[in-house]
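Below: protein01.tsv (TSV, N, CA and C atoms)
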chain	number	residue	atom	x	y	z
A	255	MET	N	-24.05	-32.28	2.25
A	255	MET	CA	-23.24	-32.74	3.35
A	255	MET	C	-22.10	-31.77	3.63
A	256	LEU	N	-21.55	-31.17	2.57
A	256	LEU	CA	-20.43	-30.25	2.75
A	256	LEU	C	-20.84	-29.00	3.50
A	257	GLU	N	-22.11	-28.64	3.42
A	257	GLU	CA	-22.56	-27.39	4.01
A	257	GLU	C	-22.79	-27.45	5.51
A	258	GLY	N	-22.75	-28.61	6.12
A	258	GLY	CA	-22.98	-28.60	7.55
A	258	GLY	C	-22.99	-29.95	8.24
A	259	GLU	N	-23.10	-31.03	7.50
A	259	GLU	CA	-23.17	-32.33	8.14
A	259	GLU	C	-21.80	-32.86	8.54
A	260	LEU	N	-20.76	-32.44	7.84
A	260	LEU	CA	-19.42	-32.89	8.19
A	260	LEU	C	-18.85	-31.92	9.22
A	261	SER	N	-18.53	-32.45	10.38
A	261	SER	CA	-18.12	-31.57	11.48
A	261	SER	C	-16.61	-31.40	11.58
A	262	ASP	N	-15.88	-31.88	10.61
A	262	ASP	CA	-14.42	-31.76	10.63
A	262	ASP	C	-14.03	-30.30	10.46
A	263	PRO	N	-13.29	-29.73	11.41
A	263	PRO	CA	-12.92	-28.31	11.31
A	263	PRO	C	-11.96	-28.01	10.16
A	264	ARG	N	-11.37	-29.04	9.59
A	264	ARG	CA	-10.45	-28.82	8.46
A	264	ARG	C	-11.20	-28.48	7.19
A	265	ILE	N	-12.48	-28.81	7.12
A	265	ILE	CA	-13.25	-28.59	5.89
A	265	ILE	C	-13.76	-27.16	5.85
A	266	ALA	N	-13.20	-26.39	4.92
A	266	ALA	CA	-13.57	-24.98	4.73
A	266	ALA	C	-14.86	-24.92	3.90
A	267	PRO	N	-15.50	-23.75	3.85
A	267	PRO	CA	-16.69	-23.62	3.00
A	267	PRO	C	-16.34	-24.05	1.56
A	268	SER	N	-17.10	-24.99	1.05
A	268	SER	CA	-16.80	-25.54	-0.27
A	268	SER	C	-18.06	-26.10	-0.90
A	269	TYR	N	-17.97	-26.43	-2.19
A	269	TYR	CA	-19.09	-27.01	-2.90
A	269	TYR	C	-18.57	-27.90	-4.02
A	270	VAL	N	-19.39	-28.86	-4.42
A	270	VAL	CA	-19.04	-29.80	-5.47
A	270	VAL	C	-19.28	-29.14	-6.82
A	271	THR	N	-18.27	-29.19	-7.68
A	271	THR	CA	-18.40	-28.60	-9.01
A	271	THR	C	-18.64	-29.65	-10.08
A	272	ASP	N	-18.15	-30.87	-9.86
A	272	ASP	CA	-18.30	-31.91	-10.87
A	272	ASP	C	-18.08	-33.27	-10.24
A	273	VAL	N	-18.71	-34.27	-10.79
A	273	VAL	CA	-18.50	-35.66	-10.38
A	273	VAL	C	-18.27	-36.46	-11.66
A	274	VAL	N	-17.13	-37.14	-11.71
A	274	VAL	CA	-16.79	-37.95	-12.87
A	274	VAL	C	-16.80	-39.41	-12.44
A	275	LEU	N	-17.74	-40.15	-13.00
A	275	LEU	CA	-17.89	-41.56	-12.69
A	275	LEU	C	-17.09	-42.37	-13.69
A	276	ALA	N	-16.25	-43.27	-13.18
A	276	ALA	CA	-15.44	-44.11	-14.05
A	276	ALA	C	-16.32	-45.12	-14.76
A	277	PRO	N	-15.89	-45.56	-15.95
A	277	PRO	CA	-16.66	-46.60	-16.65
A	277	PRO	C	-16.80	-47.83	-15.73
A	278	GLY	N	-17.98	-48.35	-15.67
A	278	GLY	CA	-18.24	-49.48	-14.78
A	278	GLY	C	-18.77	-49.05	-13.44
A	279	GLY	N	-18.63	-47.78	-13.10
A	279	GLY	CA	-19.19	-47.24	-11.87
A	279	GLY	C	-18.54	-47.65	-10.57
A	280	LYS	N	-17.29	-48.14	-10.64
A	280	LYS	CA	-16.63	-48.59	-9.41
A	280	LYS	C	-15.95	-47.46	-8.65
A	281	SER	N	-15.66	-46.37	-9.34
A	281	SER	CA	-15.03	-45.24	-8.66
A	281	SER	C	-15.56	-43.93	-9.22
A	282	ALA	N	-15.44	-42.90	-8.41
A	282	ALA	CA	-15.88	-41.57	-8.82
A	282	ALA	C	-14.90	-40.54	-8.29
A	283	ARG	N	-14.61	-39.56	-9.12
A	283	ARG	CA	-13.77	-38.44	-8.71
A	283	ARG	C	-14.68	-37.25	-8.52
A	284	ILE	N	-14.61	-36.66	-7.34
A	284	ILE	CA	-15.48	-35.54	-6.99
A	284	ILE	C	-14.62	-34.28	-6.92
A	285	TYR	N	-14.95	-33.32	-7.77
A	285	TYR	CA	-14.21	-32.06	-7.80
A	285	TYR	C	-14.90	-31.06	-6.88
A	286	VAL	N	-14.11	-30.46	-6.00
A	286	VAL	CA	-14.63	-29.56	-4.99
A	286	VAL	C	-13.93	-28.21	-5.10
A	287	ALA	N	-14.71	-27.13	-5.13
A	287	ALA	CA	-14.16	-25.78	-5.10
A	287	ALA	C	-14.22	-25.29	-3.66
A	288	VAL	N	-13.09	-24.80	-3.19
A	288	VAL	CA	-12.98	-24.33	-1.80
A	288	VAL	C	-12.85	-22.82	-1.81
A	289	GLN	N	-13.63	-22.18	-0.96
A	289	GLN	CA	-13.57	-20.73	-0.84
A	289	GLN	C	-12.55	-20.41	0.24
A	290	GLY	N	-11.31	-20.24	-0.18
A	290	GLY	CA	-10.25	-19.96	0.78
A	290	GLY	C	-8.88	-20.04	0.14
A	291	THR	N	-7.88	-20.10	1.00
A	291	THR	CA	-6.49	-20.12	0.56
A	291	THR	C	-6.08	-21.53	0.13
A	292	GLU	N	-4.87	-21.63	-0.40
A	292	GLU	CA	-4.36	-22.95	-0.80
A	292	GLU	C	-4.22	-23.86	0.41
A	293	GLU	N	-3.85	-23.31	1.56
A	293	GLU	CA	-3.74	-24.11	2.78
A	293	GLU	C	-5.10	-24.67	3.18
A	294	GLU	N	-6.14	-23.84	3.04
A	294	GLU	CA	-7.49	-24.30	3.35
A	294	GLU	C	-7.96	-25.35	2.35
A	295	GLU	N	-7.52	-25.21	1.10
A	295	GLU	CA	-7.86	-26.23	0.10
A	295	GLU	C	-7.25	-27.57	0.49
A	296	GLU	N	-5.98	-27.55	0.88
A	296	GLU	CA	-5.30	-28.80	1.24
A	296	GLU	C	-5.90	-29.42	2.49
A	297	SER	N	-6.23	-28.60	3.48
A	297	SER	CA	-6.82	-29.16	4.71
A	297	SER	C	-8.24	-29.68	4.43
A	298	THR	N	-8.98	-29.02	3.55
A	298	THR	CA	-10.31	-29.49	3.17
A	298	THR	C	-10.21	-30.83	2.46
A	299	LEU	N	-9.25	-30.95	1.56
A	299	LEU	CA	-9.05	-32.21	0.85
A	299	LEU	C	-8.72	-33.33	1.84
A	300	ALA	N	-7.87	-33.06	2.80
A	300	ALA	CA	-7.52	-34.06	3.81
A	300	ALA	C	-8.76	-34.45	4.64
A	301	GLY	N	-9.56	-33.47	5.01
A	301	GLY	CA	-10.77	-33.74	5.78
A	301	GLY	C	-11.77	-34.57	5.00
A	302	LEU	N	-11.93	-34.26	3.72
A	302	LEU	CA	-12.85	-35.02	2.88
A	302	LEU	C	-12.38	-36.46	2.68
A	303	MET	N	-11.08	-36.62	2.49
A	303	MET	CA	-10.54	-37.97	2.32
A	303	MET	C	-10.75	-38.79	3.60
A	304	THR	N	-10.65	-38.15	4.75
A	304	THR	CA	-10.88	-38.83	6.02
A	304	THR	C	-12.35	-39.23	6.16
A	305	ALA	N	-13.25	-38.40	5.64
A	305	ALA	CA	-14.69	-38.63	5.79
A	305	ALA	C	-15.28	-39.49	4.67
A	306	ARG	N	-14.44	-40.04	3.80
A	306	ARG	CA	-14.93	-40.81	2.65
A	306	ARG	C	-15.92	-41.91	3.03
A	307	ALA	N	-15.58	-42.70	4.03
A	307	ALA	CA	-16.44	-43.83	4.41
A	307	ALA	C	-17.81	-43.33	4.88
A	308	TYR	N	-17.82	-42.27	5.68
A	308	TYR	CA	-19.08	-41.70	6.15
A	308	TYR	C	-19.91	-41.18	4.96
A	309	ILE	N	-19.26	-40.47	4.05
A	309	ILE	CA	-19.97	-39.91	2.89
A	309	ILE	C	-20.55	-41.05	2.04
A	310	ARG	N	-19.78	-42.09	1.83
A	310	ARG	CA	-20.28	-43.24	1.05
A	310	ARG	C	-21.48	-43.87	1.73
A	311	SER	N	-21.42	-44.05	3.05
A	311	SER	CA	-22.55	-44.68	3.75
A	311	SER	C	-23.79	-43.80	3.67
A	312	GLN	N	-23.62	-42.49	3.77
A	312	GLN	CA	-24.75	-41.57	3.66
A	312	GLN	C	-25.34	-41.59	2.24
A	313	LEU	N	-24.48	-41.64	1.24
A	313	LEU	CA	-24.96	-41.72	-0.14
A	313	LEU	C	-25.73	-43.01	-0.36
A	314	ARG	N	-25.21	-44.11	0.16
A	314	ARG	CA	-25.89	-45.41	0.01
A	314	ARG	C	-27.28	-45.34	0.63
A	315	GLU	N	-27.35	-44.78	1.84
A	315	GLU	CA	-28.63	-44.68	2.55
A	315	GLU	C	-29.61	-43.75	1.84
A	316	ARG	N	-29.16	-42.60	1.42
A	316	ARG	CA	-30.03	-41.59	0.83
A	316	ARG	C	-30.48	-41.95	-0.58
A	317	MET	N	-29.61	-42.61	-1.32
A	317	MET	CA	-29.94	-42.95	-2.70
A	317	MET	C	-30.65	-44.30	-2.80
A	318	GLY	N	-30.55	-45.10	-1.76
A	318	GLY	CA	-31.21	-46.39	-1.77
A	318	GLY	C	-30.63	-47.37	-2.77
A	319	VAL	N	-29.33	-47.34	-2.94
A	319	VAL	CA	-28.66	-48.25	-3.88
A	319	VAL	C	-27.77	-49.22	-3.12
A	320	ARG	N	-27.43	-50.31	-3.76
A	320	ARG	CA	-26.55	-51.29	-3.13
A	320	ARG	C	-25.09	-50.88	-3.19
A	321	HIS	N	-24.72	-50.37	-4.34
A	321	HIS	CA	-23.30	-50.05	-4.55
A	321	HIS	C	-23.10	-48.55	-4.73
A	322	VAL	N	-22.17	-48.03	-3.96
A	322	VAL	CA	-21.73	-46.64	-4.11
A	322	VAL	C	-20.27	-46.70	-4.51
A	323	PRO	N	-19.87	-45.98	-5.53
A	323	PRO	CA	-18.48	-46.07	-5.98
A	323	PRO	C	-17.48	-45.60	-4.93
A	324	ASP	N	-16.24	-46.05	-5.07
A	324	ASP	CA	-15.16	-45.53	-4.24
A	324	ASP	C	-14.99	-44.06	-4.60
A	325	LEU	N	-14.83	-43.22	-3.60
A	325	LEU	CA	-14.77	-41.78	-3.82
A	325	LEU	C	-13.34	-41.26	-3.70
A	326	THR	N	-13.00	-40.41	-4.63
A	326	THR	CA	-11.74	-39.69	-4.59
A	326	THR	C	-12.06	-38.21	-4.76
A	327	PHE	N	-11.44	-37.38	-3.96
A	327	PHE	CA	-11.72	-35.95	-4.02
A	327	PHE	C	-10.55	-35.22	-4.66
A	328	ALA	N	-10.86	-34.17	-5.40
A	328	ALA	CA	-9.84	-33.33	-6.02
A	328	ALA	C	-10.30	-31.88	-5.92
A	329	ILE	N	-9.34	-30.99	-5.79
A	329	ILE	CA	-9.65	-29.56	-5.72
A	329	ILE	C	-9.85	-29.03	-7.14
A	330	ASP	N	-10.94	-28.31	-7.33
A	330	ASP	CA	-11.24	-27.67	-8.62
A	330	ASP	C	-10.86	-26.20	-8.52
A	331	ARG	N	-9.81	-25.83	-9.20
A	331	ARG	CA	-9.34	-24.44	-9.17
A	331	ARG	C	-9.74	-23.68	-10.43
A	332	SER	N	-10.61	-24.24	-11.23
A	332	SER	CA	-10.95	-23.62	-12.51
A	332	SER	C	-11.59	-22.25	-12.34
A	333	GLU	N	-12.44	-22.08	-11.33
A	333	GLU	CA	-13.07	-20.77	-11.15
A	333	GLU	C	-12.06	-19.71	-10.74
A	334	LYS	N	-11.11	-20.09	-9.90
A	334	LYS	CA	-10.06	-19.14	-9.50
A	334	LYS	C	-9.20	-18.77	-10.69
A	335	MET	N	-8.88	-19.78	-11.51
A	335	MET	CA	-8.07	-19.53	-12.71
A	335	MET	C	-8.83	-18.63	-13.68
A	336	THR	N	-10.11	-18.91	-13.86
A	336	THR	CA	-10.92	-18.10	-14.76
A	336	THR	C	-10.99	-16.66	-14.26
A	337	GLY	N	-11.18	-16.49	-12.97
A	337	GLY	CA	-11.22	-15.15	-12.39
A	337	GLY	C	-9.93	-14.39	-12.59
A	338	ARG	N	-8.82	-15.08	-12.39
A	338	ARG	CA	-7.50	-14.45	-12.56
A	338	ARG	C	-7.27	-14.09	-14.02
A	339	MET	N	-7.64	-14.98	-14.93
A	339	MET	CA	-7.47	-14.69	-16.36
A	339	MET	C	-8.33	-13.51	-16.78
A	340	ASN	N	-9.57	-13.46	-16.28
A	340	ASN	CA	-10.43	-12.32	-16.60
A	340	ASN	C	-9.85	-11.02	-16.08
A	341	GLU	N	-9.26	-11.07	-14.89
A	341	GLU	CA	-8.63	-9.88	-14.31
A	341	GLU	C	-7.48	-9.40	-15.19
A	342	LEU	N	-6.64	-10.33	-15.64
A	342	LEU	CA	-5.51	-9.97	-16.49
A	342	LEU	C	-5.98	-9.44	-17.85
A	343	LEU	N	-7.01	-10.05	-18.41
A	343	LEU	CA	-7.54	-9.57	-19.69
A	343	LEU	C	-8.13	-8.17	-19.54
A	344	GLU	N	-8.78	-7.92	-18.44
A	344	GLU	CA	-9.35	-6.59	-18.19
A	344	GLU	C	-8.24	-5.55	-18.08
A	345	ARG	N	-7.16	-5.90	-17.43
A	345	ARG	CA	-6.02	-4.97	-17.33
A	345	ARG	C	-5.47	-4.66	-18.72
A	346	MET	N	-5.38	-5.69	-19.57
A	346	MET	CA	-4.88	-5.48	-20.93
A	346	MET	C	-5.81	-4.55	-21.70
A	347	ARG	N	-7.11	-4.75	-21.55
A	347	ARG	CA	-8.08	-3.89	-22.25
A	347	ARG	C	-7.95	-2.44	-21.79
A	348	LYS	N	-7.76	-2.25	-20.50
A	348	LYS	CA	-7.62	-0.89	-19.98
A	348	LYS	C	-6.36	-0.22	-20.53
A	349	ARG	N	-5.28	-0.99	-20.62
A	349	ARG	CA	-4.03	-0.43	-21.16
A	349	ARG	C	-4.18	-0.06	-22.62
A	350	GLU	N	-4.91	-0.87	-23.37
A	350	GLU	CA	-5.11	-0.59	-24.79
A	350	GLU	C	-5.97	0.64	-24.99
A	351	LYS	N	-6.89	0.92	-24.08
A	351	LYS	CA	-7.79	2.06	-24.21
A	351	LYS	C	-7.14	3.38	-23.81
A	352	LYS	N	-6.07	3.32	-23.02
A	352	LYS	CA	-5.42	4.56	-22.60
A	352	LYS	C	-4.83	5.26	-23.82
A	353	PRO	N	-5.10	6.58	-23.92
A	353	PRO	CA	-4.52	7.31	-25.05
A	353	PRO	C	-3.00	7.40	-24.86
A	354	VAL	N	-2.32	7.27	-25.94
A	354	VAL	CA	-0.86	7.34	-25.89
A	354	VAL	C	-0.47	8.80	-25.83
A	355	GLN	N	0.33	9.14	-24.84
A	355	GLN	CA	0.80	10.52	-24.67
A	355	GLN	C	1.89	10.78	-25.71
A	356	PRO	N	1.70	11.82	-26.50
A	356	PRO	CA	2.76	12.12	-27.48
A	356	PRO	C	4.02	12.56	-26.75
A	357	ALA	N	5.14	12.10	-27.24
A	357	ALA	CA	6.42	12.47	-26.63
A	357	ALA	C	6.67	13.94	-26.90
A	358	GLU	N	7.24	14.61	-25.91
A	358	GLU	CA	7.53	16.03	-26.07
A	358	GLU	C	8.64	16.19	-27.11
A	359	ALA	N	8.38	17.08	-28.00
A	359	ALA	CA	9.38	17.32	-29.04
A	359	ALA	C	10.55	18.06	-28.44
A	360	THR	N	11.68	17.58	-28.75
A	360	THR	CA	12.89	18.27	-28.27
A	360	THR	C	13.44	19.10	-29.40
A	361	THR	N	13.71	20.31	-29.11
A	361	THR	CA	14.25	21.20	-30.14
A	361	THR	C	15.71	21.45	-29.81
A	362	GLY	N	16.48	21.34	-30.77
A	362	GLY	CA	17.91	21.61	-30.57
A	362	GLY	C	18.20	23.08	-30.81
A	363	SER	N	18.62	23.83	-29.79
A	363	SER	CA	18.91	25.24	-29.99
A	363	SER	C	20.35	25.52	-29.80
Translate the structure described by the file into C-alpha coordinates.
Amino acid sequence: MLEGELSDPRIAPSYVTDVVLAPGGKSARIYVAVQGTEEEEESTLAGLMTARAYIRSQLRERMGVRHVPDLTFAIDRSEKMTGRMNELLERMRKREKKPVQPAEATTGS
(Lines of atoms letter the chains of each structure in order from A and count residues from 1; the text may use other names and numbers.)
(Lines give C-alpha, C1' and ligand atoms only; values in the text may rest on other atoms or scores of the structure.)
Protein backbone atom coordinates (compact mmCIF):
# COMPACT_ATOMS: atom_id res chain seq x y z
CA MET A 1 0.00 0.00 0.00
CA LEU A 2 2.86 2.37 0.77
CA GLU A 3 4.29 1.96 -2.71
CA GLY A 4 1.38 3.41 -4.62
CA GLU A 5 -2.10 2.87 -3.23
CA LEU A 6 -1.99 5.78 -0.80
CA SER A 7 -2.34 8.96 -2.82
CA ASP A 8 -1.47 11.38 -0.02
CA PRO A 9 1.33 13.63 -1.31
CA ARG A 10 2.76 13.87 2.21
CA ILE A 11 3.82 10.22 2.11
CA ALA A 12 7.41 10.00 0.86
CA PRO A 13 8.93 6.79 -0.53
CA SER A 14 8.97 4.46 2.46
CA TYR A 15 8.71 0.84 3.54
CA VAL A 16 7.68 -1.13 6.62
CA THR A 17 10.61 -2.42 8.65
CA ASP A 18 8.79 -4.05 11.56
CA VAL A 19 5.34 -4.66 13.01
CA VAL A 20 4.96 -5.16 16.75
CA LEU A 21 1.65 -6.64 17.80
CA ALA A 22 0.59 -5.95 21.38
CA PRO A 23 -0.38 -8.90 23.58
CA GLY A 24 -4.01 -9.65 22.91
CA GLY A 25 -3.77 -8.31 19.36
CA LYS A 26 -5.76 -5.12 19.96
CA SER A 27 -3.06 -2.77 18.73
CA ALA A 28 -0.01 -2.82 16.50
CA ARG A 29 2.90 -0.47 16.09
CA ILE A 30 4.20 -0.28 12.54
CA TYR A 31 7.75 0.94 12.05
CA VAL A 32 8.35 2.70 8.75
CA ALA A 33 11.67 3.74 7.21
CA VAL A 34 11.40 6.86 5.06
CA GLN A 35 13.85 7.64 2.30
CA GLY A 36 14.20 11.36 2.80
CA THR A 37 14.79 14.19 5.22
CA GLU A 38 13.45 14.57 8.74
CA GLU A 39 10.73 16.88 7.39
CA GLU A 40 9.68 14.18 4.93
CA GLU A 41 9.66 11.66 7.77
CA GLU A 42 7.32 13.85 9.82
CA SER A 43 4.99 14.55 6.90
CA THR A 44 4.93 10.82 6.01
CA LEU A 45 4.03 9.97 9.60
CA ALA A 46 1.20 12.52 9.52
CA GLY A 47 -0.06 11.13 6.20
CA LEU A 48 0.00 7.56 7.49
CA MET A 49 -1.83 8.51 10.67
CA THR A 50 -4.50 10.18 8.54
CA ALA A 51 -4.83 7.06 6.37
CA ARG A 52 -5.10 4.65 9.33
CA ALA A 53 -8.79 3.86 8.83
CA TYR A 54 -8.31 3.17 5.11
CA ILE A 55 -5.28 0.95 5.79
CA ARG A 56 -7.20 -1.00 8.45
CA SER A 57 -10.16 -1.55 6.13
CA GLN A 58 -7.85 -2.75 3.34
CA LEU A 59 -6.07 -5.11 5.73
CA ARG A 60 -9.40 -6.48 6.94
CA GLU A 61 -10.54 -7.07 3.35
CA ARG A 62 -7.27 -8.58 2.09
CA MET A 63 -6.60 -10.79 5.09
CA GLY A 64 -10.19 -11.93 5.47
CA VAL A 65 -10.25 -11.47 9.24
CA ARG A 66 -12.86 -9.95 11.51
CA HIS A 67 -10.56 -7.94 13.70
CA VAL A 68 -7.65 -5.78 12.62
CA PRO A 69 -5.69 -4.14 15.43
CA ASP A 70 -5.58 -0.39 15.97
CA LEU A 71 -2.58 0.88 14.04
CA THR A 72 0.07 3.27 15.26
CA PHE A 73 2.94 4.33 13.03
CA ALA A 74 6.48 5.20 14.09
CA ILE A 75 9.53 6.25 12.13
CA ASP A 76 12.35 3.69 12.11
CA ARG A 77 15.67 5.52 11.95
CA SER A 78 17.81 2.48 12.74
CA GLU A 79 19.18 2.12 9.20
CA LYS A 80 20.19 5.78 9.08
CA MET A 81 21.83 5.46 12.49
CA THR A 82 23.62 2.29 11.43
CA GLY A 83 24.85 3.98 8.26
CA ARG A 84 26.13 6.98 10.18
CA MET A 85 27.87 4.79 12.76
CA ASN A 86 29.52 2.75 10.00
CA GLU A 87 30.70 5.97 8.36
CA LEU A 88 32.25 7.19 11.62
CA LEU A 89 33.89 3.82 12.28
CA GLU A 90 35.34 3.81 8.78
CA ARG A 91 36.81 7.28 9.35
CA MET A 92 38.41 6.02 12.57
CA ARG A 93 39.90 3.02 10.76
CA LYS A 94 41.35 5.28 8.07
CA ARG A 95 42.92 7.55 10.69
CA GLU A 96 44.47 4.58 12.46
CA LYS A 97 45.98 3.29 9.20
CA LYS A 98 47.64 6.59 8.30
CA PRO A 99 51.36 6.43 9.02
CA VAL A 100 52.42 8.88 11.67
CA GLN A 101 54.74 11.51 10.26
CA PRO A 102 57.85 11.77 12.40
CA ALA A 103 58.30 15.25 13.81
CA GLU A 104 61.19 17.15 12.31
CA ALA A 105 64.11 17.17 14.65
CA THR A 106 65.09 20.59 15.72
CA THR A 107 68.73 21.18 16.25
CA GLY A 108 69.89 23.92 18.45
CA SER A 109 72.82 25.75 16.84
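Counting from atom C of Ser268 of chain A, the distance to atom CA of Ala282 of chain A is 17.5 Å.
Distances to His321 of chain A were evaluated for A:Gly279, A:Tyr269, A:Val274, A:Glu259 using all atoms listed in the file, and the minimum falls at A:Gly279.
Selecting strand (DSSP E or B) from the backbone DSSP output for segment 255-343 of chain A yields Ser268, Tyr269, Val270, Thr271, Asp272, Val273, Val274, Leu275, Ser281, Ala282, Arg283, Ile284, Tyr285, Val286, Ala287, Val288, Asp324, Leu325, Thr326, Phe327, Ala328 and Ile329 of chain A.
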task: Kindly indicate which residue among A:Arg331, A:Arg316, A:Arg310, A:Arg349 lies nearest to Val286 of chain A, using all atoms listed in the file for the distances.
output: A:Arg331
- request: Quick one: everything within 12 Å of Phe327 of chain A, counting only C-alpha atoms, minus sequence neighbours fewer than 4 positions away in the same chain. Send it as a VMD selection string.
  value: chain A and resid 269 to 274 281 to 288 295 to 296 298 to 306 309
query: How would you write, as a ChimeraX atom specification, the set of residues in chain A that DSSP gives as alpha helix (DSSP H)?
result: /A:292-304,306-317,332-351
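We find atom CA of Val319 of chain A and atom CA of Gly278 of chain A to be spaced 15.1 Å apart.
Going from atom CA of Gln312 of chain A over to atom CA of Met255 of chain A, you cover 9.0 Å.
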